[in-house]
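Structure data (mmCIF, C-alpha atoms and all ligand atoms) from entry.cif:
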data_query
loop_
_atom_site.label_atom_id
_atom_site.label_comp_id
_atom_site.auth_asym_id
_atom_site.auth_seq_id
_atom_site.Cartn_x
_atom_site.Cartn_y
_atom_site.Cartn_z
CA MET A 1 -31.39 -40.57 -19.65
CA LYS A 2 -28.33 -41.33 -17.56
CA ARG A 3 -26.19 -41.00 -20.66
CA TRP A 4 -27.52 -37.49 -21.31
CA VAL A 5 -26.68 -36.44 -17.79
CA MET A 6 -23.15 -37.73 -18.27
CA ILE A 7 -22.74 -36.02 -21.61
CA SER A 8 -24.08 -32.69 -20.39
CA SER A 9 -21.92 -32.72 -17.28
CA THR A 10 -18.91 -33.48 -19.47
CA VAL A 11 -19.82 -30.51 -21.65
CA VAL A 12 -20.06 -28.29 -18.56
CA ALA A 13 -16.68 -29.55 -17.31
CA ILE A 14 -15.07 -28.80 -20.68
CA ALA A 15 -16.66 -25.35 -20.82
CA VAL A 16 -15.31 -24.57 -17.33
CA ALA A 17 -11.83 -25.79 -18.31
CA VAL A 18 -11.85 -23.66 -21.48
CA ALA A 19 -13.03 -20.62 -19.54
CA LEU A 20 -10.21 -21.14 -17.02
CA VAL A 21 -7.60 -21.36 -19.78
CA LEU A 22 -8.92 -18.32 -21.61
CA ARG A 23 -9.46 -16.03 -18.65
CA PRO A 24 -7.12 -13.02 -18.56
CA SER A 25 -3.89 -14.08 -16.86
CA ARG A 26 -3.48 -10.74 -15.09
CA THR A 27 -6.33 -9.25 -13.18
CA LEU A 28 -6.11 -5.51 -12.51
CA ASP A 29 -4.70 -4.49 -9.15
CA PRO A 30 -7.20 -2.87 -6.83
CA GLU A 31 -6.88 0.91 -6.59
CA LEU A 32 -7.76 3.60 -4.09
CA PRO A 33 -10.79 5.65 -5.11
CA PRO A 34 -9.80 9.21 -6.16
CA PRO A 35 -10.04 11.81 -3.37
CA ALA A 36 -12.20 14.71 -4.56
CA HIS A 37 -10.09 17.49 -2.98
CA ILE A 38 -6.72 16.57 -4.51
CA PRO A 39 -5.74 17.91 -7.96
CA ALA A 40 -4.91 15.32 -10.63
CA GLU A 41 -1.24 16.30 -10.95
CA VAL A 42 -0.64 16.04 -7.20
CA ARG A 43 -2.33 12.65 -7.22
CA ALA A 44 -0.19 11.50 -10.12
CA ALA A 45 3.01 12.59 -8.35
CA LEU A 46 2.01 10.80 -5.15
CA ARG A 47 1.00 7.71 -6.98
CA GLY A 48 4.35 7.51 -8.72
CA LYS A 49 6.07 7.56 -5.35
CA MET A 50 3.70 5.10 -3.72
CA GLN A 51 3.19 2.58 -6.46
CA ARG A 52 5.65 -0.09 -5.35
CA HIS A 53 4.16 -0.53 -1.89
CA GLY A 54 1.55 -3.08 -2.89
CA ALA A 55 4.06 -5.34 -4.64
CA ASP A 56 6.58 -4.88 -1.82
CA MET A 57 4.09 -5.99 0.82
CA ARG A 58 3.15 -9.13 -1.08
CA GLU A 59 6.82 -10.01 -1.52
CA LEU A 60 7.62 -9.16 2.08
CA ILE A 61 4.97 -11.41 3.58
CA MET A 62 6.11 -14.35 1.46
CA HIS A 63 9.72 -14.03 2.63
CA LEU A 64 8.57 -13.48 6.18
CA VAL A 65 6.35 -16.55 6.41
CA VAL A 66 9.08 -18.88 5.12
CA LEU A 67 11.47 -17.41 7.69
CA ASP A 68 13.77 -15.96 5.03
CA ASN A 69 15.38 -13.29 7.18
CA ASP A 70 17.68 -11.94 4.49
CA GLY A 71 14.86 -11.58 1.97
CA ALA A 72 12.56 -9.94 4.51
CA ALA A 73 15.31 -7.51 5.58
CA ARG A 74 16.03 -6.57 1.98
CA ILE A 75 12.41 -5.80 1.12
CA ALA A 76 11.62 -4.03 4.38
CA GLY A 77 14.74 -1.93 3.72
CA ARG A 78 13.37 -1.07 0.31
CA VAL A 79 10.02 0.01 1.80
CA TYR A 80 11.98 2.21 4.21
CA ASP A 81 14.01 3.80 1.40
CA GLU A 82 11.07 4.33 -0.92
CA SER A 83 9.06 6.42 1.52
CA THR A 84 10.59 9.81 1.04
CA LEU A 85 7.78 12.35 1.13
CA VAL A 86 8.36 13.65 4.62
CA ARG A 87 11.84 15.01 4.03
CA SER A 88 11.55 15.83 0.36
CA PRO A 89 11.44 19.29 -1.24
CA ASP A 90 7.86 18.44 -2.22
CA THR A 91 6.64 18.50 1.37
CA GLU A 92 5.76 22.17 1.46
CA ARG A 93 3.82 21.99 -1.78
CA LEU A 94 2.00 18.87 -0.66
CA GLU A 95 1.06 20.27 2.75
CA LYS A 96 -1.58 22.39 1.05
CA PHE A 97 -3.43 19.26 0.05
CA LEU A 98 -2.54 16.66 2.63
CA PRO A 99 -3.39 16.39 6.32
CA ARG A 100 -0.61 16.45 8.87
CA ARG A 101 -1.53 12.91 9.91
CA PHE A 102 -0.50 11.79 6.42
CA PHE A 103 3.11 12.83 7.03
CA ALA A 104 3.07 11.38 10.54
CA LEU A 105 1.93 8.05 9.13
CA GLU A 106 4.75 8.03 6.61
CA GLU A 107 7.15 8.42 9.53
CA GLN A 108 5.41 5.53 11.28
CA LEU A 109 5.71 3.42 8.15
CA LYS A 110 9.45 4.04 8.14
CA VAL A 111 9.74 3.11 11.82
CA ALA A 112 7.82 -0.16 11.30
CA ALA A 113 9.89 -1.03 8.21
CA ARG A 114 13.10 -0.38 10.13
CA ARG A 115 11.92 -2.58 13.00
CA ILE A 116 11.33 -5.44 10.56
CA VAL A 117 14.90 -5.06 9.29
CA GLU A 118 16.20 -5.08 12.88
CA ALA A 119 14.07 -8.10 13.85
CA ALA A 120 15.26 -9.94 10.71
CA ALA A 121 18.87 -9.18 11.63
CA ARG A 122 18.23 -10.82 15.04
CA GLY A 123 16.48 -13.79 13.39
CA ASP A 124 13.36 -12.85 15.35
CA SER A 125 10.48 -14.16 13.22
CA ALA A 126 7.71 -13.34 15.69
CA GLY A 127 9.04 -9.77 15.94
CA GLN A 128 8.99 -9.45 12.15
CA ALA A 129 5.39 -10.67 12.03
CA GLU A 130 4.39 -8.23 14.73
CA HIS A 131 5.99 -5.26 12.98
CA PHE A 132 4.48 -6.41 9.70
CA GLY A 133 1.12 -5.93 11.39
CA THR A 134 2.10 -2.44 12.51
CA LEU A 135 3.36 -1.65 9.01
CA THR A 136 0.08 -2.80 7.48
CA LYS A 137 -1.79 -0.55 9.86
CA THR A 138 0.16 2.48 8.63
CA CYS A 139 -0.88 1.61 5.03
CA VAL A 140 -4.54 1.46 5.91
CA LEU A 141 -4.56 4.53 8.15
CA CYS A 142 -2.66 6.64 5.64
CA HIS A 143 -5.04 5.73 2.83
CA GLU A 144 -7.93 6.60 5.12
CA SER A 145 -6.30 9.90 6.04
CA TYR A 146 -5.58 10.63 2.37
CA LEU A 147 -9.19 10.12 1.39
CA PHE A 148 -11.04 11.62 4.33
CA ASP A 149 -8.92 13.95 6.51
CA ARG A 150 -8.77 17.67 5.92
CA PRO A 151 -5.54 19.23 4.59
CA THR A 152 -2.98 20.60 7.03
CA THR A 153 -3.55 24.21 6.04
CA THR A 154 -7.10 25.01 5.14
CA ASP A 155 -7.96 27.66 2.56
CA LEU A 156 -5.69 30.20 4.21
CA GLY A 157 -8.45 31.74 6.28
CA PRO A 158 -7.61 33.54 9.56
CA ASP A 159 -7.24 30.20 11.35
CA ALA A 160 -4.88 28.68 8.81
CA ALA A 161 -1.86 28.82 11.07
CA VAL A 162 -3.59 27.52 14.20
CA GLY A 163 -1.92 24.42 15.60
CA ARG A 164 0.96 24.47 13.14
C1 LIG B 1 2.09 8.32 3.78
C2 LIG B 1 0.83 7.78 3.36
C3 LIG B 1 0.80 6.40 2.78
C4 LIG B 1 1.26 5.26 3.35
C5 LIG B 1 1.90 5.11 4.72
C6 LIG B 1 0.97 4.20 2.43
N1 LIG B 1 0.36 4.68 1.31
FE1 LIG B 1 -0.28 3.60 -0.27
N2 LIG B 1 -0.85 5.26 -1.19
C7 LIG B 1 -0.76 6.54 -0.68
C8 LIG B 1 -1.17 7.49 -1.70
C9 LIG B 1 -1.21 8.99 -1.53
C10 LIG B 1 -1.49 6.75 -2.84
C11 LIG B 1 -1.92 7.30 -4.22
C12 LIG B 1 -3.41 7.24 -4.31
C13 LIG B 1 -3.93 7.84 -5.57
O1 LIG B 1 -3.65 7.29 -6.65
O2 LIG B 1 -4.64 8.84 -5.49
C14 LIG B 1 -1.29 5.36 -2.48
C15 LIG B 1 -1.56 4.31 -3.33
C16 LIG B 1 -1.40 3.00 -3.01
C17 LIG B 1 -1.77 1.90 -3.88
C18 LIG B 1 -2.46 1.99 -5.22
C19 LIG B 1 -1.41 2.25 -6.26
C20 LIG B 1 -2.02 2.50 -7.59
O3 LIG B 1 -1.35 2.23 -8.60
O4 LIG B 1 -3.16 2.99 -7.65
C21 LIG B 1 -1.42 0.75 -3.23
C22 LIG B 1 -1.58 -0.68 -3.72
C23 LIG B 1 -0.82 1.15 -1.97
N3 LIG B 1 -0.84 2.52 -1.86
C24 LIG B 1 -0.32 0.26 -1.07
C25 LIG B 1 0.25 0.65 0.15
C26 LIG B 1 0.82 -0.27 1.09
C27 LIG B 1 0.86 -1.77 0.94
C28 LIG B 1 1.28 0.48 2.11
C29 LIG B 1 1.97 0.03 3.36
C30 LIG B 1 3.23 -0.65 3.22
C31 LIG B 1 1.00 1.86 1.82
N4 LIG B 1 0.38 1.93 0.62
C32 LIG B 1 1.31 2.89 2.66
C33 LIG B 1 -0.36 6.88 0.58
C34 LIG B 1 0.22 6.02 1.48
#

Write the structure described by the file as structure tokens, please.
Amino acid sequence: MKRWVMISSTVVAIAVAVALVLRPSRTLDPELPPPAHIPAEVRAALRGKMQRHGADMRELIMHLVVLDNDGAARIAGRVYDESTLVRSPDTERLEKFLPRRFFALEEQLKVAARRIVEAAARGDSAGQAEHFGTLTKTCVLCHESYLFDRPTTTDLGPDAAVGR
């Protein structure tokens, strides 16, 4: 009886080991759900511009937690450079689909990224961590705004220009 227990638990252990070896080495990255009110081509254009953010944030936090100021400054600088919607020729076209808060949050992302670079230049690790928190908040709030806020200009009704 005891022998059977040992044999079957060995079989289970081997099965688990085999499953671990065979499991896909790359799991798919999580994605935002598609917003219903944004046309596919606009989504695709935005996605192309935004795609590096996830990888950048993972890299940034690793440099930040091991107090690698140069590495953190380099990646935060990249996040700053990559966010270019606000002052791009696309802005006007995108305003039809995106809420104003979206553009404001991109500005805030740039400010937080710049503050990380500045804190890194001072060797201020706590400051970098704090601004990393602020930066993360801009990611979450912008995704929320993207999915749920109304566009800046509505369907060009009489009130379309109000508050612009
Ligand atoms: C200005 C608004 C805005 C900000 C700020 C923002 N994002 Fe995004 N993000 C988007 C949009 C728009 C998409 C594209 C969603 C889609 O595919 O419809 C996106 C997509 C993504 C995706 C999914 C990419 C994919 O391939 O589907 C990830 C991951 C992501 N963002 C991470 C981040 C991180 C991390 C930050 C903060 C550093 C951030 N984002 C900040 C607007 C933003």

**OP:** Residues up to 9 Å from ligand LIG 1 (chain B), counting only C-alpha atoms and all ligand atoms: could you list those as a ChimeraX atom specification?
**Re:** /A:29-35,38,40,42-58,79,83,85-86,98,101-110,113,132,135-147

Subject >> Distance of CA of Glu118 in chain A from CA of Gly77 in chain A, expressed in Å to one decimal place >> reply: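 We find that CA of Gly77 in chain A and CA of Glu118 in chain A lie 9.8 Å from each other.
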
Original post:
CA of Ala119 in chain A and CA of Ala72 in chain A are how many Å apart?
Top reply: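 Pair CA of Ala119 in chain A / CA of Ala72 in chain A returns 9.6 Å.
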
Original post:
From the set A:Arg114, A:Trp4, A:Ala36, A:Lys96, which residue has the shortest atom-to-atom contact distance to Arg74 in chain A, counting all atoms listed in the file?
Top reply: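 For Arg74 in chain A, the nearest of the candidates is A:Arg114.
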
Subject >> Selected residue, from A:Val111, A:Thr134, A:Arg122, A:Ile116, that lies nearest to His63 in chain A when counting only C-alpha atoms >> reply: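 The closest residue to His63 in chain A is A:Ile116.
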
Original post:
Between CA of Ala76 in chain A and CA of Glu92 in chain A, what is the distance, to one decimal in Å?
Top reply: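 Taking CA of Ala76 in chain A as the start and CA of Glu92 in chain A as the end point, the length is 27.0 Å.
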
Original post:
Which residue out of A:Val5, A:Ala13, A:Leu94, A:Ile61 has the minimum interatomic distance to Pro151 in chain A when all atoms listed in the file are used?
Top reply: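 Nearest to Pro151 in chain A: A:Leu94.
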
Just need the box for range 29-44 of chain A, edges along x, y and z, holding every atom the file lists for it with 8 Å tacked onto each side, so centre and edge lengths in Å to one decimal, as JSON.
{"center_x": -6.2, "center_y": 6.7, "center_z": -7.0, "size_x": 28.0, "size_y": 38.4, "size_z": 24.0}

**OP:** Rank nothing, just name the residue among A:Arg100, A:Arg115, A:Arg93, A:Arg150 nearest to Ala73 in chain A, using all atoms listed in the file.
**Re:** A:Arg115

**OP:** Would you be able to write out as a list in words which residues have an atom within 10 Å of (9.2, -11.8, 13.9) in the file's coordinates, counting all atoms listed in the file?
**Re:** Leu64, Val65, Leu67, Asn69, Arg115, Ile116, Val117, Glu118, Ala119, Ala120, Arg122, Gly123, Asp124, Ser125, Ala126, Gly127, Gln128, Ala129, Glu130, His131 and Phe132 of chain A
